[in-house]
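Peer 1: Provided herewith: input.cif, mmCIF, C-alpha atoms.
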```
data_run
#
loop_
_atom_site.group_PDB
_atom_site.id
_atom_site.type_symbol
_atom_site.label_atom_id
_atom_site.label_comp_id
_atom_site.auth_asym_id
_atom_site.auth_seq_id
_atom_site.Cartn_x
_atom_site.Cartn_y
_atom_site.Cartn_z
ATOM 1 C CA MET A 1 76.708 107.116 80.157
ATOM 2 C CA VAL A 2 79.034 104.321 81.210
ATOM 3 C CA LYS A 3 82.247 104.489 79.256
ATOM 4 C CA PRO A 4 83.189 101.151 77.716
ATOM 5 C CA THR A 5 86.817 101.465 78.773
ATOM 6 C CA LYS A 6 88.712 102.409 81.927
ATOM 7 C CA VAL A 7 91.628 103.584 79.823
ATOM 8 C CA THR A 8 92.075 107.335 79.966
ATOM 9 C CA ASN A 9 94.205 109.402 77.645
ATOM 10 C CA ALA A 10 95.911 112.741 77.275
ATOM 11 C CA ILE A 11 95.541 113.013 73.507
ATOM 12 C CA ARG A 12 93.636 116.266 73.655
ATOM 13 C CA SER A 13 96.242 118.054 75.756
ATOM 14 C CA LEU A 14 99.064 116.487 73.729
ATOM 15 C CA ARG A 15 97.487 117.791 70.538
ATOM 16 C CA PHE A 16 97.376 121.309 71.953
ATOM 17 C CA ALA A 17 100.942 120.991 73.202
ATOM 18 C CA ASN A 18 101.995 119.979 69.698
ATOM 19 C CA GLY A 19 101.119 123.139 67.824
ATOM 20 C CA GLU A 20 97.372 122.764 68.357
ATOM 21 C CA MET A 21 97.306 119.767 66.068
ATOM 22 C CA THR A 22 93.770 119.138 64.816
ATOM 23 C CA GLN A 23 91.951 115.846 65.234
ATOM 24 C CA ALA A 24 91.922 115.568 61.436
ATOM 25 C CA ALA A 25 95.697 116.027 61.258
ATOM 26 C CA LEU A 26 96.306 113.351 63.896
ATOM 27 C CA ALA A 27 93.853 111.040 62.137
ATOM 28 C CA ALA A 28 95.696 111.504 58.848
ATOM 29 C CA ARG A 29 99.046 110.774 60.507
ATOM 30 C CA ILE A 30 97.899 107.384 61.808
ATOM 31 C CA GLY A 31 95.560 106.481 58.972
ATOM 32 C CA VAL A 32 92.158 106.540 60.681
ATOM 33 C CA THR A 33 89.056 108.688 60.401
ATOM 34 C CA ARG A 34 88.624 111.854 62.458
ATOM 35 C CA GLN A 35 85.627 110.200 64.134
ATOM 36 C CA THR A 36 87.913 107.489 65.497
ATOM 37 C CA ILE A 37 90.200 110.087 67.099
ATOM 38 C CA ILE A 38 87.125 111.746 68.642
ATOM 39 C CA ALA A 39 85.917 108.370 69.970
ATOM 40 C CA ILE A 40 89.349 107.582 71.464
ATOM 41 C CA GLU A 41 89.631 111.020 73.090
ATOM 42 C CA GLN A 42 86.190 110.635 74.641
ATOM 43 C CA GLY A 43 86.926 107.126 75.909
ATOM 44 C CA ARG A 44 84.353 105.549 73.613
ATOM 45 C CA TYR A 45 86.883 103.389 71.810
ATOM 46 C CA SER A 46 90.019 101.597 72.944
ATOM 47 C CA PRO A 47 92.573 101.632 70.159
ATOM 48 C CA SER A 48 94.645 98.579 69.365
ATOM 49 C CA LEU A 49 98.080 98.390 70.926
ATOM 50 C CA GLU A 50 99.604 99.172 67.553
ATOM 51 C CA MET A 51 97.453 102.278 67.079
ATOM 52 C CA ALA A 52 98.296 103.381 70.626
ATOM 53 C CA PHE A 53 102.020 103.179 69.799
ATOM 54 C CA GLN A 54 101.438 105.067 66.560
ATOM 55 C CA ILE A 55 99.697 107.882 68.460
ATOM 56 C CA ALA A 56 102.528 108.017 71.007
ATOM 57 C CA ARG A 57 105.071 108.156 68.181
ATOM 58 C CA VAL A 58 103.272 111.117 66.572
ATOM 59 C CA PHE A 59 103.691 113.074 69.829
ATOM 60 C CA ASN A 60 107.168 111.622 70.386
ATOM 61 C CA VAL A 61 106.369 110.551 73.948
ATOM 62 C CA PRO A 62 106.258 107.168 75.742
ATOM 63 C CA LEU A 63 103.014 105.232 75.571
ATOM 64 C CA ASP A 64 102.112 105.834 79.217
ATOM 65 C CA GLU A 65 102.177 109.582 78.697
ATOM 66 C CA VAL A 66 99.370 109.164 76.186
ATOM 67 C CA PHE A 67 97.315 106.406 77.808
ATOM 68 C CA GLN A 68 96.750 105.697 81.480
ATOM 69 C CA TYR A 69 94.997 102.843 83.193
ATOM 70 C CA PRO A 70 93.988 104.092 86.624
ATOM 71 C CA GLY A 71 93.808 101.408 89.296
ATOM 72 C CA THR A 72 92.593 101.464 92.879
ATOM 73 C CA GLN A 73 94.887 103.426 95.156
ATOM 74 C CA GLU A 74 96.723 101.384 97.780
ATOM 75 C CA MET B 1 79.448 111.088 61.572
ATOM 76 C CA SER B 2 81.748 108.802 59.599
ATOM 77 C CA PHE B 3 80.990 107.547 56.103
ATOM 78 C CA GLU B 4 80.433 104.024 57.433
ATOM 79 C CA GLU B 5 78.014 105.236 60.120
ATOM 80 C CA LYS B 6 76.006 107.131 57.510
ATOM 81 C CA GLY B 7 75.972 103.966 55.406
ATOM 82 C CA THR B 8 74.608 102.028 58.378
ATOM 83 C CA TRP B 9 71.803 104.581 58.772
ATOM 84 C CA VAL B 10 70.998 104.256 55.062
ATOM 85 C CA TYR B 11 70.811 100.472 55.380
ATOM 86 C CA LEU B 12 68.581 100.722 58.473
ATOM 87 C CA VAL B 13 66.147 103.194 56.923
ATOM 88 C CA VAL B 14 65.986 101.280 53.628
ATOM 89 C CA ASN B 15 65.208 98.032 55.446
ATOM 90 C CA VAL B 16 62.479 99.569 57.598
ATOM 91 C CA VAL B 17 60.853 101.402 54.671
ATOM 92 C CA THR B 18 60.943 98.500 52.209
ATOM 93 C CA TYR B 19 59.678 95.935 54.725
ATOM 94 C CA ALA B 20 56.885 98.295 55.836
ATOM 95 C CA ALA B 21 55.956 98.787 52.171
ATOM 96 C CA TYR B 22 55.943 95.014 51.601
ATOM 97 C CA LEU B 23 53.721 94.421 54.639
ATOM 98 C CA SER B 24 51.259 97.138 53.653
ATOM 99 C CA ILE B 25 50.981 95.745 50.106
ATOM 100 C CA ILE B 26 50.446 92.165 51.283
ATOM 101 C CA LEU B 27 48.005 93.094 54.049
ATOM 102 C CA GLY B 28 46.165 95.367 51.611
ATOM 103 C CA ARG B 29 45.636 92.424 49.268
ATOM 104 C CA ALA B 30 44.319 90.272 52.115
ATOM 105 C CA GLU B 31 41.258 92.406 52.789
ATOM 106 C CA ASN B 32 38.831 90.005 51.156
ATOM 107 C CA ILE B 33 40.832 86.790 50.883
ATOM 108 C CA PRO B 34 42.854 84.712 53.385
ATOM 109 C CA LEU B 35 46.527 85.718 53.756
ATOM 110 C CA THR B 36 47.728 82.366 52.461
ATOM 111 C CA GLU B 37 45.959 82.972 49.147
ATOM 112 C CA VAL B 38 47.597 86.352 48.625
ATOM 113 C CA SER B 39 50.105 86.547 45.763
ATOM 114 C CA TYR B 40 53.337 87.416 47.557
ATOM 115 C CA VAL B 41 56.288 85.881 45.684
ATOM 116 C CA SER B 42 56.907 88.576 43.075
ATOM 117 C CA THR B 43 56.223 91.338 45.633
ATOM 118 C CA MET B 44 58.746 89.828 48.046
ATOM 119 C CA LEU B 45 61.375 89.429 45.320
ATOM 120 C CA TRP B 46 60.799 92.983 44.097
ATOM 121 C CA THR B 47 60.999 94.336 47.651
ATOM 122 C CA ILE B 48 64.322 92.576 48.255
ATOM 123 C CA GLY B 49 65.659 93.787 44.897
ATOM 124 C CA ILE B 50 64.521 97.359 45.523
ATOM 125 C CA ALA B 51 66.040 97.272 49.035
ATOM 126 C CA ILE B 52 69.416 96.222 47.614
ATOM 127 C CA ALA B 53 69.217 98.881 44.880
ATOM 128 C CA LEU B 54 68.194 101.628 47.348
ATOM 129 C CA SER B 55 71.058 100.696 49.689
ATOM 130 C CA ILE B 56 73.534 101.048 46.832
ATOM 131 C CA VAL B 57 71.995 104.327 45.660
ATOM 132 C CA GLY B 58 71.946 105.619 49.256
ATOM 133 C CA HIS B 59 75.617 104.784 49.726
ATOM 134 C CA ILE B 60 76.476 106.539 46.483
ATOM 135 C CA ALA B 61 74.437 109.587 47.566
ATOM 136 C CA VAL B 62 76.286 109.699 50.907
ATOM 137 C CA ALA B 63 79.595 109.462 49.074
ATOM 138 C CA ILE B 64 78.625 112.271 46.666
ATOM 139 C CA ALA B 65 77.448 114.472 49.563
ATOM 140 C CA LYS B 66 80.912 114.335 51.177
ATOM 141 C CA PRO B 67 83.440 112.845 48.745
ATOM 142 C CA SER B 68 86.386 113.542 51.079
ATOM 143 C CA GLU B 69 85.110 110.953 53.570
ATOM 144 C CA ALA B 70 83.944 108.365 51.056
ATOM 145 C CA ASP B 71 85.593 104.963 51.200
ATOM 146 C CA LYS B 72 87.444 105.857 54.388
ATOM 147 C CA ARG B 73 87.042 102.756 56.479
ATOM 148 C CA ASP B 74 89.355 102.305 59.422
ATOM 149 C CA VAL B 75 89.942 99.699 62.128
ATOM 150 C CA ARG B 76 87.152 101.082 64.347
ATOM 151 C CA ASP B 77 84.653 100.808 61.488
ATOM 152 C CA LYS B 78 85.749 97.204 60.971
ATOM 153 C CA ASP B 79 85.473 96.416 64.706
ATOM 154 C CA ILE B 80 81.989 97.930 64.910
ATOM 155 C CA ASN B 81 80.898 96.169 61.717
ATOM 156 C CA ARG B 82 82.164 92.829 63.021
ATOM 157 C CA PHE B 83 80.362 93.300 66.353
ATOM 158 C CA GLY B 84 77.090 94.323 64.671
ATOM 159 C CA GLU B 85 77.186 91.434 62.221
ATOM 160 C CA TYR B 86 77.938 89.033 65.085
ATOM 161 C CA VAL B 87 74.837 90.114 67.019
ATOM 162 C CA GLY B 88 72.802 90.157 63.790
ATOM 163 C CA GLY B 89 73.997 86.607 63.110
ATOM 164 C CA ILE B 90 72.690 85.430 66.470
ATOM 165 C CA VAL B 91 69.303 87.005 65.730
ATOM 166 C CA LEU B 92 69.276 85.307 62.319
ATOM 167 C CA ALA B 93 70.123 81.922 63.832
ATOM 168 C CA VAL B 94 67.392 82.218 66.466
ATOM 169 C CA GLY B 95 64.937 83.728 63.974
ATOM 170 C CA MET B 96 65.408 80.811 61.595
ATOM 171 C CA LEU B 97 63.952 78.474 64.229
ATOM 172 C CA ALA B 98 60.501 79.827 63.347
ATOM 173 C CA PRO B 99 60.501 78.837 59.641
ATOM 174 C CA PHE B 100 62.259 75.610 60.614
ATOM 175 C CA GLY B 101 59.346 74.734 62.895
ATOM 176 C CA LEU B 102 56.778 75.952 60.366
ATOM 177 C CA ALA B 103 58.323 73.757 57.646
ATOM 178 C CA MET B 104 58.247 70.702 59.896
ATOM 179 C CA ALA B 105 54.650 71.460 60.788
ATOM 180 C CA GLU B 106 53.982 71.569 57.023
ATOM 181 C CA VAL B 107 52.167 74.885 57.136
ATOM 182 C CA ASP B 108 51.494 76.892 53.987
ATOM 183 C CA HIS B 109 54.582 78.071 52.062
ATOM 184 C CA PHE B 110 53.364 81.652 52.554
ATOM 185 C CA TRP B 111 54.150 81.505 56.252
ATOM 186 C CA ILE B 112 57.519 79.790 55.789
ATOM 187 C CA ALA B 113 58.709 82.286 53.168
ATOM 188 C CA ASN B 114 57.484 85.229 55.205
ATOM 189 C CA ALA B 115 59.039 83.920 58.409
ATOM 190 C CA ILE B 116 62.398 83.590 56.605
ATOM 191 C CA TYR B 117 62.060 87.100 55.176
ATOM 192 C CA LEU B 118 61.151 88.483 58.609
ATOM 193 C CA ALA B 119 64.173 86.737 60.163
ATOM 194 C CA PHE B 120 66.447 88.324 57.521
ATOM 195 C CA VAL B 121 64.912 91.757 58.133
ATOM 196 C CA LEU B 122 65.147 91.460 61.930
ATOM 197 C CA SER B 123 68.752 90.316 61.642
ATOM 198 C CA ALA B 124 69.622 93.266 59.398
ATOM 199 C CA LEU B 125 67.802 95.745 61.659
ATOM 200 C CA THR B 126 69.474 94.392 64.788
ATOM 201 C CA ALA B 127 72.923 94.528 63.181
ATOM 202 C CA SER B 128 72.306 98.132 62.056
ATOM 203 C CA VAL B 129 71.006 99.269 65.453
ATOM 204 C CA VAL B 130 73.886 97.583 67.311
ATOM 205 C CA LYS B 131 76.387 99.291 64.984
ATOM 206 C CA ILE B 132 74.763 102.705 65.430
ATOM 207 C CA VAL B 133 74.717 102.303 69.236
ATOM 208 C CA ALA B 134 78.395 101.260 69.090
ATOM 209 C CA TYR B 135 79.210 104.329 66.982
ATOM 210 C CA ARG B 136 77.333 106.627 69.373
ATOM 211 C CA ARG B 137 78.113 105.136 72.782
ATOM 212 C CA GLY B 138 81.310 103.241 72.199
ATOM 213 C CA LEU B 139 82.462 99.747 71.581
#
```
Spell out the structure here as structure tokens.
Peer 2:
Amino acid sequence: MVKPTKVTNAIRSLRFANGEMTQAALAARIGVTRQTIIAIEQGRYSPSLEMAFQIARVFNVPLDEVFQYPGTQE
Amino acid sequence: MSFEEKGTWVYLVVNVVTYAAYLSIILGRAENIPLTEVSYVSTMLWTIGIAIALSIVGHIAVAIAKPSEADKRDVRDKDINRFGEYVGGIVLAVGMLAPFGLAMAEVDHFWIANAIYLAFVLSALTASVVKIVAYRRGL
């Protein structure tokens, strides 16, 4: 399956690093459904910039520790 | 599966079932008489009414089955809905060319009404399928 976005993320590992936070708990913190968190984690949905900042704020890390946009290596 | 995705499935199934029922009733009546002489108006109106009612009942049933997820509609649901309705709108616009042509050709009202109904059904089915694919594979 071709993923619709090149954006990768570290949400899953960040959740585990933050007291094994559940997808449901993260979803509740940012006001979305659990299915949306699952879709973001699996790269099936690119969140809005605002939602991306909200997720980063939950983990108290900069945005680029949550989301990465891999480019071609020089 | 989110509440909205379940609702999309309900809408898809209801549309397929009610349109299939409509077609089987109309074609059943046309066994001994030409299609254009078949009484279709009340059947079509009833089918549309029943489809709307079943969609509402289906949504309520989904909400009752898992009340904690009911009415939870987030930005992804809205994005997917917008995308599905956009594609469905294109299908509707293209589909309406058929009844447009039929009306100008002054064919029997039966064909015009049924072409419009078919365009509505195809539009709704396309929108539902696009939404379900977006839910499953990503947007």
Peer 1: Up to 12 Å from chain A, what residues of chain B turn up? Count only C-alpha atoms and give them as a PyMOL selection string.
Peer 2: chain B and resi 1-5+68-80+133-139
Peer 1: In Å, with one decimal, what is the gap from atom CA of Val121 of chain B to atom CA of Val16 of chain B?
Peer 2: 8.2 Å
Peer 1: Run the PyMOL selection byres ((chain A and resi 11) around 9) mentally over the shown coordinates, then write out the matched residues as an MDAnalysis selection string, using the chain letters and numbers from the document.
Peer 2: chainID A and resid 9:10 12:16 37 40:41 55:56 59 66:67
Peer 1: Would you list the contacts of Trp46 of chain B as a ChimeraX atom specification, taking every protein, DNA or RNA residue within 12 Å and counting all atoms listed in the file, but skipping same-chain residues closer than 3 positions in sequence?
Peer 2: /B:18-19,21-22,25,40-43,49-54
Peer 1: Write a file of the just-selected residues containing C-alpha atoms, as a CSV table (one decimal), in the frame of the given file.
Peer 2:
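Generated file (out04.csv):
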```
chain,number,residue,atom,x,y,z
B,18,THR,CA,60.9,98.5,52.2
B,19,TYR,CA,59.7,95.9,54.7
B,21,ALA,CA,56.0,98.8,52.2
B,22,TYR,CA,55.9,95.0,51.6
B,25,ILE,CA,51.0,95.7,50.1
B,40,TYR,CA,53.3,87.4,47.6
B,41,VAL,CA,56.3,85.9,45.7
B,42,SER,CA,56.9,88.6,43.1
B,43,THR,CA,56.2,91.3,45.6
B,49,GLY,CA,65.7,93.8,44.9
B,50,ILE,CA,64.5,97.4,45.5
B,51,ALA,CA,66.0,97.3,49.0
B,52,ILE,CA,69.4,96.2,47.6
B,53,ALA,CA,69.2,98.9,44.9
B,54,LEU,CA,68.2,101.6,47.3
```
Peer 1: What does the distance from atom CA of Gly84 of chain B to atom CA of Leu23 of chain B come to in Å, to one decimal?
Peer 2: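 One can read the atom CA of Gly84 of chain B to atom CA of Leu23 of chain B distance as 25.4 Å.
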Peer 1: To test your reading of the syntax: which residues would the PyMOL selection byres ((chain B and resi 39) around 12) return for the file shown? Reply as a list in words.
Peer 2: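 Evaluating the PyMOL selection byres ((chain B and resi 39) around 12) on this file yields Tyr22, Ile25, Ile26, Leu27, Gly28, Arg29, Ala30, Ile33, Pro34, Leu35, Thr36, Glu37, Val38, Tyr40, Val41, Ser42, Thr43, Met44, Leu45, His109 and Phe110 of chain B.
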Peer 1: Taking 3 positions as the minimum chain separation for residues in the same chain, which residues sit within 9 Å of Tyr69 of chain A when counting all atoms listed in the file? Answer as an mmCIF file with C-alpha atoms, keeping the file's coordinate frame.
Peer 2:
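Written out: around.cif:
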```
data_model
loop_
_atom_site.group_PDB
_atom_site.id
_atom_site.type_symbol
_atom_site.label_atom_id
_atom_site.label_comp_id
_atom_site.auth_asym_id
_atom_site.auth_seq_id
_atom_site.Cartn_x
_atom_site.Cartn_y
_atom_site.Cartn_z
ATOM 1 C CA LYS A 6 88.712 102.409 81.927
ATOM 2 C CA VAL A 7 91.628 103.584 79.823
ATOM 3 C CA THR A 8 92.075 107.335 79.966
ATOM 4 C CA ASN A 9 94.205 109.402 77.645
ATOM 5 C CA ASP A 64 102.112 105.834 79.217
#
```
